[in-house]
Amino acid sequence: MADGTESESRKLLGRLREAMASDEAGQARLDRITHLIADSMGTEVCSVYLFRDAETLELCATEGLKPESVHQTRMRLGEGLVGRVAKSGKVVNTPDAPSAKGFRYMPETGEERFSSFLGIPIQRLGEKLGVLVVQSRIAREFSADEVYALEVVAMVLAEMAELGAFVGEGAALSPLHQKSAMFRGGTGQEGAAEGHVWLHEPRVVVTNPIADDPHRELERLNEAIEELRVGVDRMLEMSQNGDKEQLQVLEAYRMFANSKGWMRRMEEDIARGLSAEAAVEKEQSQARARMEQVQDAYLRERLADLDDLSNRLLRILTGQGKQTGADLPADPILVARNIGPGDLLEYGRSLKGIVLEEGSVGSHAAIVARALAIPLVVHAERITTEALNGDHILVDGDQGIVHLRPEDSVVSAFQDKIAMQADAQARYVSIRETPAVTLEGQRINLVMNAGLMADLPSLESSGAEGVGLFRTELQFLVRNQMPKRSELVALYSRVLDAAKGKRVVFRTLDIGSDKVLPYMKPTDEPNPALGWRAIRVGLDKPGIMRMQLQALIRAANGRPLTIMFPFVAQAEEYRAARVEVDKTIERERILGHKLPESLEIGAMLETPSLAFAPQKFFDEVGFLSIGGNDLKQFFFAADRENERVRRRYDTLNCSFLTFIEKIVERCDESGTPLSFCGEDAGRPIEAVCLAAMGIRTLSMRPASIGPVKSLLLRTDLRKLREIIFAERYKGVQSVRPAITEWFRQQG
C-alpha cells in the first residue's frame, strides 16, 4: 500500500475526528461527513443510508444527490443496490450501476446520472446499521485500495453511530439503546418476569476509533497481543493433563493468536488511521458477518473462537473487564449470547429471568433454568448488541417474547399478567393438600421433576406426591471433571433425606444428544438425538453405570430405592441394564453394605419401538414412564429443537393420543405401573387429556402441579374421553379445538 494512500486515508480520518468533536447537531455532522468523504475520494456523490427499522433503510445524508430526498427516500432490505449491500453485508462495486442486477431507479434523488457505484456495509459486531455509498459519473470500478479505505471509514461511522454522534430528528437518527424494542424467540422455560438487564459479558465501548500516532497504536496492539498469547499459553499449560478436546480448542486459540493474516490486517487498519481497538473491532465485525454466511459447523466454531479472542483482546486494550464496577440489580434479568450450566448455577435463584441469543429448549442452560423455575427465552437474536446494563426489560417465557425498554402501555399489560399469575398461584396454595380427584372420582397421582438439591424444597410447597424424575446428569454437566462416587453418595442421600419418605425415581445418566459432558470426548454424529446417548452410553461404558448404581445403593442405606433407565429402545437393553443392577447388588452385599429395603427398576418409554416390545418385557419391567418430549419428536419425526417443524405437531393430535391409549392398554394387561413425564404433563389441557386416555401418574415441573390439579378437580374424565372419541371418529387431525370449546362452555 502506497504511503500517499495511507496518508490520504489518515487525513480523512483526522477530518472525521474533527467533525466528531464538533458541537454540531447530528444531522449537520452527518452532512459534513458525506461532504468530506466525497471530497477525499474524488467522487461526485457520497450518501449515508441508515436503518429506520429492521426492514427499511432511509437516506439520512448526501453530497451530490438532491438535498430534498434526504429522509424522504426509503427502500426495503434487499431492494436496489443499497438494499442488496444491507441484506448481504457484502460490498457492491460496479462501473455501470444502472445495468447492475437489482438496480432501482429513484427519480427523487437524481442518481441516474451516476454510473460508478461503491456500497459498503456499515456494521458493528454483527449488527447492521446502514450503508455508505460513493458514486461518480465516470464509469470505473473502484480499486481495492479505495474499497479498503472506505471500509475503514464505514467502521468509524459505525463507532460514531454507537457513541450517538448522529442523533437527530427522525427514526433513523434516533439514539441507539434508547428506543423500545421487542424480540421474538423461543420458550426455554415458561413464566413471566420484570426486571433490569444484567449482561453476562458487558459490551466493550470503543471511544477512540481514530488515532493520531500509528506507531504508538501498533505498539499498543503488539503489547496486547503478547499479553493475549501469554494468557492462552498459560491456559494450555494448566490444561496439559486435562481433556484432549479442550486442548484442541486451546490450540486453535493459540493458532489464531499467532495468525499472521489476522495481525497483518489489523496493522493495515492502524496504518489507515484507526486506533488499535477499532482495528480489532473491525476484524471482529467482519468475522461476525462471515459467521452469518457460513453453514459449515466446524468453520462457524473457528469463527466463534476468533470472536472470543477478539473480545479478550479488546478487554486488554480498553481495560474494560467483565467486572465493570456495576452492581447486580435487585431484580436481574440475565442477557447473554449463551451460557454454560456452571455459570448459570453461580447466579442461582438471584435471577428473575434469562434471555439468550443462542441456546435451545434442550440445552444445559434450559435444563438448569427449568430446575430453578426461572423464565427463559432462547434465540432472541441481536439482544446483546441492543441491551445495556440496567435497561428495563420484560421476559414472557410463555410466548417466547422479550420487551426491552418497554412503553408504559406494554408494562401495564405485562404487570396485569404477572398479577393474574400471582392470584392463580395463591388459589393453588389453597388446594395444595387436596388429592387430585376428578369429578367422576378418578384419583390422579401428581409428582414432580427435579435435578438439583435446590428443587427439593418444592416437593412440599408444590403439593407434589413424590419425585417422578430426578435427572442425575445435572451433577455431571455442571462440573469440569467426573464427580467422585463419594460425592454422588452424599448428594443422593441428601435427596432421599429431603424427600422425607416420598418416592424418588432416580433416572440414570442421560447424556449424549444435546447433553455433552465437558470432560467427555464429544462424538461427531450427524444426528445426535438418534445417536450414542443415555442407556447406549451406559451399556457401552459399564464402569460409569456401575459407579452410579453403587452410589445410589449406598445412598439408600436400607431405604426403598427406585431406579429408571433412560431411552430404552428394545427389551434387551433393559435386561442388560438389569443384569448390571443385580451384579452391583451382589457386590455391595459381599462388601457388607446395607441393601435397599425394596428395589424398583423401570424404564423410560421414549421410542415408539418399545411400545411394541414382546409381552414378556411388559411383564418383567418394574414400571414404565413415557418420556413425552422425546417420544413426540420421534413419533412425528419432528426435531423439537427445530422451530420450523416442532410447532406443526400437536400433543392432542388424534394419532398421538391413540398411540398413548395403546401403551396404556398394554400396561393394564400386564399390571405395569405407567406414568407420563415431560412438558405436556405440566400443561393443564394436555394433562387432563392424557388422564382421559388412562394415564394415572403425571410428572411435571413443580410450578405446574397447582394449575394441573386445579383443572383435574373440575373435570369429568368420562365426558372428556367421550369428546375425544367422538372427534377421533369424525377423522379430525387434533381434538384441541373441540376440547378447548368444551372447557370454555364449562367456564
# chains A, B, ... in the order shown; residues from 1 in each chain; ligands from 1

$ residues_around --residues "Val437 of chain A" --least-positions-apart "6" --cutoff "8 Å" --atoms "only C-alpha atoms" --output "ChimeraX atom specification"
/A:443-444,712-713

$ write_last_selection --atoms "C-alpha atoms" --output "PDB file, in the first residue's frame"
ATOM      1  CA  ARG A 443     -57.503 -40.309  41.547  1.00  0.00           C
ATOM      2  CA  ILE A 444     -54.522 -38.921  39.569  1.00  0.00           C
ATOM      3  CA  LEU A 712     -58.410 -32.025  37.154  1.00  0.00           C
ATOM      4  CA  LEU A 713     -60.606 -31.233  40.199  1.00  0.00           C
TER       5      LEU A 713
END

$ residues_around --residues "Asn653 of chain A" --least-positions-apart "2" --cutoff "10 Å" --atoms "only C-alpha atoms" --output "list of chain:residue names"
A:Tyr649, A:Asp650, A:Thr651, A:Ser655, A:Phe656, A:Leu657, A:Thr658, A:Arg728, A:Val732, A:Gln733, A:Ser734, A:Val735, A:Arg736

$ write_last_selection --atoms "N, CA and C atoms" --output "CSV table (one decimal), in the first residue's frame"
chain,number,residue,atom,x,y,z
A,649,TYR,N,-46.9,-30.0,15.0
A,649,TYR,CA,-47.4,-31.2,15.5
A,649,TYR,C,-47.9,-31.0,16.9
A,650,ASP,N,-49.2,-31.5,17.2
A,650,ASP,CA,-49.9,-31.2,18.4
A,650,ASP,C,-49.9,-32.5,19.3
A,651,THR,N,-49.7,-32.3,20.6
A,651,THR,CA,-49.9,-33.4,21.5
A,651,THR,C,-51.3,-34.0,21.4
A,655,SER,N,-53.8,-39.2,16.3
A,655,SER,CA,-52.9,-40.3,16.2
A,655,SER,C,-52.0,-40.5,17.4
A,656,PHE,N,-51.5,-39.4,18.0
A,656,PHE,CA,-50.7,-39.5,19.2
A,656,PHE,C,-51.5,-40.0,20.4
A,657,LEU,N,-52.7,-39.4,20.5
A,657,LEU,CA,-53.5,-39.8,21.7
A,657,LEU,C,-53.9,-41.3,21.6
A,658,THR,N,-54.1,-41.8,20.3
A,658,THR,CA,-54.4,-43.2,20.1
A,658,THR,C,-53.2,-44.1,20.5
A,728,ARG,N,-62.3,-38.2,17.2
A,728,ARG,CA,-61.5,-39.2,16.5
A,728,ARG,C,-62.3,-39.9,15.4
A,732,VAL,N,-61.0,-36.0,12.6
A,732,VAL,CA,-60.2,-34.7,12.7
A,732,VAL,C,-58.8,-34.9,13.0
A,733,GLN,N,-57.9,-34.0,12.7
A,733,GLN,CA,-56.5,-34.1,13.0
A,733,GLN,C,-56.2,-34.0,14.5
A,734,SER,N,-56.8,-33.0,15.1
A,734,SER,CA,-56.5,-32.7,16.5
A,734,SER,C,-57.8,-32.5,17.3
A,735,VAL,N,-57.8,-32.9,18.5
A,735,VAL,CA,-59.1,-32.7,19.3
A,735,VAL,C,-59.0,-31.4,20.1
A,736,ARG,N,-57.9,-30.6,19.9
A,736,ARG,CA,-57.8,-29.4,20.7
A,736,ARG,C,-58.9,-28.4,20.5

$ residues_around --residues "segment 357-361 of chain A" --least-positions-apart "3" --cutoff "12 Å" --atoms "only C-alpha atoms" --output "MDAnalysis selection string"
chainID A and resid 183:190 199:200 334:341 354 364:370 375:387 397 400 402 514:515 629 639:643 646 679

$ atom_distance --atom1 "atom CA of Gly64 of chain A" --atom2 "atom CA of Arg124 of chain A"
26.6 Å

$ select_by_dssp --residues "segment 137-214 of chain A" --states "helix (DSSP H, G or I)" --output "list of chain:residue names"
A:Ala144, A:Asp145, A:Glu146, A:Val147, A:Tyr148, A:Ala149, A:Leu150, A:Glu151, A:Val152, A:Val153, A:Ala154, A:Met155, A:Val156, A:Leu157, A:Ala158, A:Glu159, A:Met160, A:Ala161, A:Glu162, A:Ala171, A:Ala172, A:Leu173, A:Pro214

$ atom_distance --atom1 "atom CA of Glu600 of chain A" --atom2 "atom CA of Phe623 of chain A"
7.7 Å

$ atom_distance --atom1 "atom CA of Ile590 of chain A" --atom2 "atom CA of Arg578 of chain A"
18.6 Å

$ residues_around --residues "segment 490-502 of chain A" --least-positions-apart "3" --cutoff "7 Å" --atoms "only C-alpha atoms" --output "JSON, numbers by chain"
{"A": [453, 456, 465, 466, 486, 487, 552, 555, 556]}

$ closest_residue --among "A:Glu146, A:Glu58, A:Glu620, A:Asp212" --to "Glu18 of chain A" --atoms "only C-alpha atoms"
A:Asp212

$ select_by_dssp --residues "segment 559-629 of chain A" --states "strand (DSSP E or B)" --output "PDB file with C-alpha atoms, in the first residue's frame"
ATOM      1  CA  LEU A 561     -34.824 -47.242  46.090  1.00  0.00           C
ATOM      2  CA  THR A 562     -36.321 -46.602  42.627  1.00  0.00           C
ATOM      3  CA  ILE A 563     -34.088 -46.556  39.524  1.00  0.00           C
ATOM      4  CA  MET A 564     -35.149 -45.815  35.939  1.00  0.00           C
ATOM      5  CA  PHE A 565     -33.109 -46.355  32.759  1.00  0.00           C
ATOM      6  CA  LEU A 599     -35.876 -52.010  44.833  1.00  0.00           C
ATOM      7  CA  GLU A 600     -37.956 -50.902  41.824  1.00  0.00           C
ATOM      8  CA  ILE A 601     -36.306 -50.941  38.386  1.00  0.00           C
ATOM      9  CA  GLY A 602     -38.099 -49.283  35.467  1.00  0.00           C
ATOM     10  CA  ALA A 603     -37.530 -47.830  32.024  1.00  0.00           C
ATOM     11  CA  MET A 604     -38.409 -44.702  30.094  1.00  0.00           C
ATOM     12  CA  LEU A 605     -40.518 -45.304  27.005  1.00  0.00           C
ATOM     13  CA  LEU A 624     -42.674 -47.554  32.692  1.00  0.00           C
ATOM     14  CA  SER A 625     -42.532 -43.785  32.324  1.00  0.00           C
ATOM     15  CA  ILE A 626     -43.430 -42.251  28.969  1.00  0.00           C
ATOM     16  CA  GLY A 627     -40.761 -39.634  28.138  1.00  0.00           C
TER      17      GLY A 627
END

$ residues_around --residues "Ser40 of chain A" --least-positions-apart "3" --cutoff "7 Å" --atoms "only C-alpha atoms" --output "ChimeraX atom specification"
/A:12,36-37

$ write_last_selection --atoms "N, CA and C atoms" --output "mmCIF file, in the first residue's frame"
data_model
loop_
_atom_site.group_PDB
_atom_site.id
_atom_site.type_symbol
_atom_site.label_atom_id
_atom_site.label_comp_id
_atom_site.auth_asym_id
_atom_site.auth_seq_id
_atom_site.Cartn_x
_atom_site.Cartn_y
_atom_site.Cartn_z
ATOM 1 N N LEU A 12 -8.197 11.857 5.986
ATOM 2 C CA LEU A 12 -9.666 11.827 6.006
ATOM 3 C C LEU A 12 -10.166 11.484 7.409
ATOM 4 N N LEU A 36 -17.006 15.516 3.292
ATOM 5 C CA LEU A 36 -15.588 15.197 3.474
ATOM 6 C C LEU A 36 -15.202 13.931 2.714
ATOM 7 N N ILE A 37 -16.067 12.896 2.774
ATOM 8 C CA ILE A 37 -15.738 11.625 2.111
ATOM 9 C C ILE A 37 -15.738 11.803 0.598
#
